[in-house]
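One structure is given here, and the rest of the page talks about it.
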Amino acid sequence: MGTVASKVAATIATNRFGLGAKPGEIIQAEKDPKKWLSKQLTPVTFNQELPSSNELLQKLSEYQAIRKQNKNNKVSEEEDKKANKTRQRFIQSSYRKVATDSFVQSINSDNSVAWRLLDFFSNHFSVTANGAVMTAIAATLEREAIADNLFNRFEDMLLAVSKHPAMLIYLNNERSFGPNSKLATKSNKMKRGVGLNENLAREILELHTLGVNGGYKQEDVIELAKGITGWSVANVSRDDAVGFKYRDWGKEPGARVLLGKKYKQKGIKQGEAMLKDLANHPNTAKYVCSKLVKHFISDKPNPQLVETLVKRWQKTGGNIKEVMLALIYSEQAWSAEQVKFKTPREFLQSSFRALNVKTVNFQQLFFTLNTFGQQPFQAGSPAGYSDEQQDWNGGNALMSKIDWTTLLANKVKANAETVMNNTLALSSSSNTYKAVVRAESRKQALVMLLMSPEFLRR
Amino acid sequence: MKRRQFIKTLGASASLVLMQTPTLAAVNKLTSKPKKVVWVILRGAMDSLHTIIPITDKSYPSLRPKLASTIANDILPLSADFALHPALKHMHGLYENKQLLPIVAVGSGYPQRSHFDGQDYLESGLPSMDHDTGWLGRALNEINNDTKALAVANSVPISMRDSEKVSTWYPARLKDADENIYEALMDLYQGDELLFSRLQEGLNTQQMAGSTNTKRKGKFVDLAKSCGKLMANDNGIDCAMLEVGGWDTHNNQSFRLNRQLNELDQGIAAIQAELGEYWQDTVVMVATEFGRTAKENGTGGTDHGTGSAMFIAGGAVQGGKVLGKWPGLAPEQLFKGRDLMPTTSTFSWIGAVLQQHWQLEPKNIANVFPDNPAYTTQLIR
């Protein structure tokens with residue numbers, strides 16, 4: 001048995017840094033909470049049997065071909081409808097399976113800190129499952145571009161994300177071509193619809209790197225947009241390829257000036273050089289570190305703590321693992337006061353972990369997260385879901401949680417007092433302790449625990 | 001026992017004084033029908049030039065050769081210089097009945113092109129951003145009656161923050177918990193001010209919503225319908241806020257805006273239908289965070305711009321004309337050579353509605369919009 005202090009620290013470790021304690025985790029953590037956390041900075045793993053974005057794009061293209069064939073062969077409307085239904089079902093089920101896998105892995109994980117970090121960056125680089133193609137592939141972005149780079153440099157992650165088909169299609173860069181590119185000069189611009197689209201470039205500057213007050217101007221947006229023209233996605237049937245495709249004939253020629261620096265590189269190298277500089281810009285360090293502290297510790301981040309992370313960032317070339325270690329080993333991150341309200345997803349994750357629920361089917365998961373307003377890959381804007389208390393703590397949101405928790409408590413068999421010891425340990429207030437042990441039924445006791453002020457926060 | 005009865009019982013019990021914040025009794029004192037306000041925010045920067053079409057501006061067709069051609073044959077005439085997008089059929093009818101004021105070339109004063117900042121700015125209405133207070137919240141604090149306000153959302157949006165009169169409502173999908181659970185949680189939250197007040201608020205709003213617990217679809221039309229239902233009585237909800245996303249049309253704009261505008265149009269029609277006779281005393285204000293580029297881009301869409309448009313609709317409105325000053329779309333008339341120039345302030349128009357419809361004084365408006373005095377144009381009947 002550890003001391004009172006180490007038990008309190010273990011509760012903070014599992015709750016504030018991880019996704020809430022599974023049974024037994026507090027005992028593991030209390031020996032050395034910081035070391036226990038730092039060991040969790042290891043890659044996350046997924047169900048490898050689920051399709052990749054390339055496989056999904058390939059399959060979508062096959063469905064497209066079938067539809068074309070149907071049209072050419074003038075098949076009956078009924079038959080065509082049937083084919084379309086199969087396609088729709090495939091799209092929906094791919095999205096749900098892939099998104100549900102992340103969630104299920106996270107509730108069973110022994111390195112839930114890494115999963116928190118994945119969720120953080122997945123939301124930082126938010127894409128929305130909207131329309132056929134995006135619905136099919138949105139959920140693959142975090143698996144293919146973010147997870148692999150979770151403990152690398154931010155630069156690596158930014159480049160991987162910016163080249164992923166989901167991001168390119170979501171922010172319309174796959175058809176953004178230079179007004180003076182080979183394509184534009186060869187053909188009739190208007191007819192072929194050749195031109196620049198600023199969307200991805202703007203969000204890279206505003207949301208992915210420098211932040212909205214990061215000191216860039218409209219001219220910088222246009223320059224970056226031109227720098228990444230031709231960053232496109234292969235058309236499976238026409239290009240005989242799948243996934244990211246750089247189209248040199250769509251690239252705007254010439255040197256670019258971004259944030260006062262000149263980029264003379266040619267081809268794909270120009271955009272890459274721009275993104276690398278953006279990833280390593282001091283304002284990016286400040287912006288991302290501040291978001292991290294906000295995510296893990298408090299809606300009002302302690303400037304000193306942010307500074308500690310920024311320093312480590314700059315020292316290590318934006319190495320995310322090092323930055324996380326700086327956070328874990330900062331004393332300011334360990335205050336016993338809980339000031340962070342869980343998002344709906346985190347509330348669900350920690351509830352399932354606390355109750356040792358190991359599987360969730362997608363119907364349940366999507367229904368619940370939809371009710372709470374945080375369905376996977378449905379943020380609806382590239383800014384992602386809010387990470388702040390006031391966006392999740394409305395009266396209506398609380399009522400939904402109570403109703404959901406009551407349903408859950410009906411289904412699981414668990415001793416609320418044991419669950420309380422396993423999750424809040426000595427950190428439960430006397431109010432919560434009393435509410436749990438004096439509840440009129442086992443079911444009510446569980447609801448009291450999961451809806452307690454301590455469990456709703458971290 | 002149903003939740004409604006449960007709350008009534010609670011209200012009657014002396015030990016639970018805490019349940020009494022929004023009393024239903026007080027509202028009945030109102031002698032005349034309350035003046036209702038609905039605030040609709042379109043998130044994603046609606047392209048005003050594709051919505052209210054400047055038919056006599058010579059630059060328009062050349063700036064948007066593809067976009068203009070998709071609707072040219074079906075636009076709905078407004079004034080000599082403007083027409084509405086074909087999808088806005090119901091709103092066009094309102095215009096003809098003098099219940100709609102389209103306002104062109106408006107802006108909140110937000111100088112950049114970030115959606116999220118732009119929305120926060122539009123919702124807050126202050127010269128420097130404060131996420132804890134919104135213009136509608138402050139306006140509610142300026143009126144001396146029992147008006148209650150409802151955000152159709154899971155949490156209070158910035159527009160309505162800083163007022164005790166506001167609660168949230170969103171259609172429920174889950175079966176209600178047992179009443180003893182709520183009671184026990186009320187006890188548990190005694191030491192936690194935030195959760196305590198949120199639970200109170202949740203219980204009260206559910207009670208007000210009563211049978212309006214329609215199945216949640218999340219579609220604007222359904223939300224607007226429920227919103228209208230909730231407001232169609234004298235029980236005190238005289239102000240509501242709705243939001244519609246999906247306006248960020250960087251590509252394929254013609255198809256997407258057609259869908260969006262159709263949804264908006266049906267939503268306004270639904271509010272009107274549900275409000276019934278209350279529509280006569282209602283003003284609906286519709287605005288978006290900023291405009292889009294005057295010129296279409298390379299992928300059949302438009303990028304982030306500045307000047308946009310807004311709508312003021314309702315039975316209480318003195319409508320039937322297009323307001324605002326048209327700056328023109330010639331290259332030298334554009335803001336920074338690329339956007340529609342905003343010539344009037346969104347906030348001053350909203351201020352004018354608040355002043356005339358809610359009878360607020362200029363000193364009240366100064367507390368709501370410190371930098372933007374209300375226009376004096378008569379907007380309300």
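Going by the structure tokens order, chains are called A, B, ..., each with residues numbered from 1, while ligands are numbered from 1 in the order shown.
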Give me, as a Markdown table, each residue of chain A that comes within 8 Å of chain B, together with its shortest interatomic pair and the distance in Å at one decimal, counting only C-alpha atoms, with rows ordered by chain and rising residue number.
| residue | atom | partner | partner_atom | distance |
| --- | --- | --- | --- | --- |
| A:Asn172 | CA | B:Asn251 | CA | 6.9 |
| A:Arg175 | CA | B:Thr299 | CA | 6.7 |
| A:Ser176 | CA | B:Gly298 | CA | 6.8 |
| A:Phe177 | CA | B:Gly298 | CA | 7.6 |
| A:Gly193 | CA | B:Gly298 | CA | 5.4 |
| A:Val194 | CA | B:Gly298 | CA | 5.0 |
| A:Gly195 | CA | B:Gly298 | CA | 3.4 |
| A:Leu196 | CA | B:Gly298 | CA | 5.1 |
| A:Asn197 | CA | B:Gly298 | CA | 6.1 |
| A:Glu198 | CA | B:Asp303 | CA | 6.6 |
| A:Asn199 | CA | B:His250 | CA | 6.8 |
| A:Glu206 | CA | B:Ser114 | CA | 7.4 |
| A:Val212 | CA | B:Ser114 | CA | 7.0 |
| A:Thr371 | CA | B:Arg173 | CA | 6.6 |
| A:Phe372 | CA | B:Asn154 | CA | 7.7 |
| A:Gly373 | CA | B:Asn154 | CA | 7.3 |
| A:Gly380 | CA | B:Gly245 | CA | 7.5 |
| A:Ala383 | CA | B:Phe116 | CA | 7.6 |
| A:Gln390 | CA | B:Ser155 | CA | 6.9 |
| A:Asp391 | CA | B:Ser155 | CA | 5.5 |
| A:Trp392 | CA | B:Ser155 | CA | 5.9 |
| A:Asn393 | CA | B:Ser155 | CA | 6.2 |
| A:Gly394 | CA | B:Ser155 | CA | 4.0 |
| A:Gly395 | CA | B:Gly202 | CA | 4.1 |
| A:Asn396 | CA | B:Gly202 | CA | 5.2 |
| A:Ala397 | CA | B:Asn154 | CA | 5.3 |
| A:Leu398 | CA | B:Leu199 | CA | 6.7 |
| A:Met399 | CA | B:Gly202 | CA | 6.0 |
| A:Ser400 | CA | B:Leu174 | CA | 7.0 |
| A:Ile402 | CA | B:Ala177 | CA | 6.8 |
| A:Asp403 | CA | B:Ala177 | CA | 4.8 |
| A:Trp404 | CA | B:Leu174 | CA | 6.9 |
| A:Thr406 | CA | B:Ala177 | CA | 6.0 |
| A:Leu407 | CA | B:Ala177 | CA | 7.9 |
| A:Asn431 | CA | B:Leu188 | CA | 6.2 |
| A:Thr432 | CA | B:Leu188 | CA | 6.5 |
| A:Ala435 | CA | B:Leu188 | CA | 6.4 |
| A:Gln444 | CA | B:Ile181 | CA | 6.6 |
| A:Val447 | CA | B:Ile181 | CA | 7.9 |
| A:Met448 | CA | B:Leu185 | CA | 6.9 |
| A:Met451 | CA | B:Leu185 | CA | 7.9 |
| A:Ser452 | CA | B:Leu188 | CA | 7.3 |
| A:Pro453 | CA | B:Asp192 | CA | 7.2 |
Name the residues of stretch 235-326 of chain B that fall into strand (DSSP E) according to DSSP on the backbone, using the chain letters and numbers of this document, as a ChimeraX atom specification. /B:237-244,282-288,308-313
Set the distance at 6 Å and use only C-alpha atoms: which residues neighbour stretch 265-270 of chain B once local chain neighbours fewer than 6 positions away are removed? I'd like the list as a tab-separated table (two decimals) with all heavy atoms, in the first residue's frame.
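Written output follows (around21.tsv):
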chain	number	residue	atom	x	y	z
B	88	LEU	N	-35.36	30.19	-51.93
B	88	LEU	CA	-35.97	30.94	-50.82
B	88	LEU	C	-37.42	31.33	-51.12
B	88	LEU	O	-37.80	32.50	-51.04
B	88	LEU	CB	-35.13	32.17	-50.48
B	88	LEU	CG	-33.72	31.86	-49.95
B	88	LEU	CD1	-32.90	33.14	-49.78
B	88	LEU	CD2	-33.79	31.10	-48.63
B	90	HIS	N	-40.36	30.56	-49.64
B	90	HIS	CA	-41.20	31.04	-48.55
B	90	HIS	C	-40.78	32.45	-48.13
B	90	HIS	O	-41.63	33.33	-47.91
B	90	HIS	CB	-41.11	30.10	-47.35
B	90	HIS	CG	-42.00	30.51	-46.22
B	90	HIS	ND1	-43.35	30.26	-46.21
B	90	HIS	CD2	-41.74	31.22	-45.09
B	90	HIS	CE1	-43.88	30.77	-45.12
B	90	HIS	NE2	-42.93	31.36	-44.42
B	221	VAL	N	-34.89	22.13	-39.87
B	221	VAL	CA	-36.35	22.25	-39.98
B	221	VAL	C	-37.03	21.71	-38.72
B	221	VAL	O	-37.95	22.33	-38.18
B	221	VAL	CB	-36.85	21.49	-41.22
B	221	VAL	CG1	-38.35	21.57	-41.31
B	221	VAL	CG2	-36.20	22.04	-42.46
B	224	ALA	N	-36.30	24.01	-35.77
B	224	ALA	CA	-37.06	25.25	-35.90
B	224	ALA	C	-38.51	25.01	-35.51
B	224	ALA	O	-39.14	25.83	-34.83
B	224	ALA	CB	-36.96	25.77	-37.33
B	225	LYS	N	-39.02	23.86	-35.90
B	225	LYS	CA	-40.40	23.51	-35.59
B	225	LYS	C	-40.58	23.41	-34.07
B	225	LYS	O	-41.50	24.01	-33.50
B	225	LYS	CB	-40.72	22.17	-36.25
B	225	LYS	CG	-42.18	21.89	-36.39
B	225	LYS	CD	-42.40	20.64	-37.22
B	225	LYS	CE	-43.88	20.29	-37.07
B	225	LYS	NZ	-44.23	19.07	-37.76
Please return, as a VMD selection string, all residues of stretch 1-222 of chain B that DSSP assigns to alpha helix (DSSP H) on the basis of the backbone. chain B and resid 3 to 12 60 to 63 65 to 71 89 to 96 115 to 124 135 to 142 179 to 188 193 to 209 220 to 222
Long-range neighbours of stretch 39-41 of chain B as a count of residues only, 7 Å cut-off, only C-alpha atoms, 4 positions minimum in chain: 10
Grab the atom CA of A:Arg256 to atom CA of A:Glu223 distance for me, in Å with one decimal place.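 Pair atom CA of A:Arg256 / atom CA of A:Glu223 returns 6.0 Å.
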Neighbours of A:Ser52 within 8 Å (only C-alpha atoms; same-chain residues fewer than 3 positions away dropped), as number ranges by chain? A: 55-56, 140, 144
Go ahead and write the residues just picked, C-alpha atoms, as a PDB file, in the first residue's frame.
ATOM      1  CA  GLU A  55      -8.511   0.047 -49.884  1.00  0.00           C
ATOM      2  CA  LEU A  56     -11.590   2.142 -49.271  1.00  0.00           C
ATOM      3  CA  THR A 140      -8.673   6.542 -41.365  1.00  0.00           C
ATOM      4  CA  GLU A 144      -2.653   6.412 -40.930  1.00  0.00           C
TER       5      GLU A 144
END
Could you name the residues that touch A:Phe121 at 9 Å or less, counting only C-alpha atoms, but leaving out those on the same chain fewer than 2 positions away, as a list in words?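 Residues near the query, excluding close chain neighbours: Arg116, Leu117, Leu118, Asp119, Asn123, His124, Phe125, Ser126, Glu142, Ile146, Ala147 and Leu150 of chain A.
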Selection from above, N, CA and C atoms, as a compact mmCIF listing (two decimals), in the first residue's frame, can you write it?
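And here's selection-v3.txt as it stands now:
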# COMPACT_ATOMS: atom_id res chain seq x y z
N ARG A 116 -5.30 9.29 -25.33
CA ARG A 116 -5.72 10.69 -25.11
C ARG A 116 -5.04 11.59 -26.13
N LEU A 117 -3.75 11.33 -26.31
CA LEU A 117 -2.96 12.15 -27.23
C LEU A 117 -3.44 11.96 -28.67
N LEU A 118 -3.78 10.73 -29.01
CA LEU A 118 -4.32 10.47 -30.35
C LEU A 118 -5.63 11.24 -30.54
N ASP A 119 -6.50 11.16 -29.56
CA ASP A 119 -7.77 11.89 -29.65
C ASP A 119 -7.52 13.40 -29.78
N ASN A 123 -8.48 15.49 -33.15
CA ASN A 123 -9.37 16.64 -33.09
C ASN A 123 -8.66 17.91 -33.58
N HIS A 124 -7.36 17.98 -33.33
CA HIS A 124 -6.57 19.13 -33.82
C HIS A 124 -6.61 19.16 -35.35
N PHE A 125 -6.50 17.98 -35.94
CA PHE A 125 -6.57 17.86 -37.41
C PHE A 125 -7.94 17.29 -37.78
N SER A 126 -8.98 17.96 -37.34
CA SER A 126 -10.32 17.41 -37.48
C SER A 126 -10.77 17.32 -38.95
N GLU A 142 -6.64 9.43 -38.61
CA GLU A 142 -5.92 9.32 -37.35
C GLU A 142 -5.09 8.04 -37.29
N ILE A 146 -1.75 10.16 -38.11
CA ILE A 146 -1.50 10.71 -36.77
C ILE A 146 -0.85 9.68 -35.85
N ALA A 147 -1.45 8.48 -35.77
CA ALA A 147 -0.95 7.47 -34.83
C ALA A 147 0.53 7.16 -35.05
N LEU A 150 2.72 9.93 -33.52
CA LEU A 150 2.31 10.43 -32.21
C LEU A 150 3.51 10.77 -31.33
Just the residues within 9 Å of A:Gly18, please, counting only C-alpha atoms, with nothing from its chain fewer than 3 positions along; format it as a PyMOL selection string. chain A and resi 12-15+21+37+111-116+350
Rounded to one decimal in Å, what is the spacing between atom CA of B:Ile53 and atom CA of B:Glu263?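 Computed distance, atom CA of B:Ile53 to atom CA of B:Glu263, equals 18.7 Å.
For the pair atom CA of B:Ile103 and atom CA of B:Ala87, the separation is 17.8 Å.
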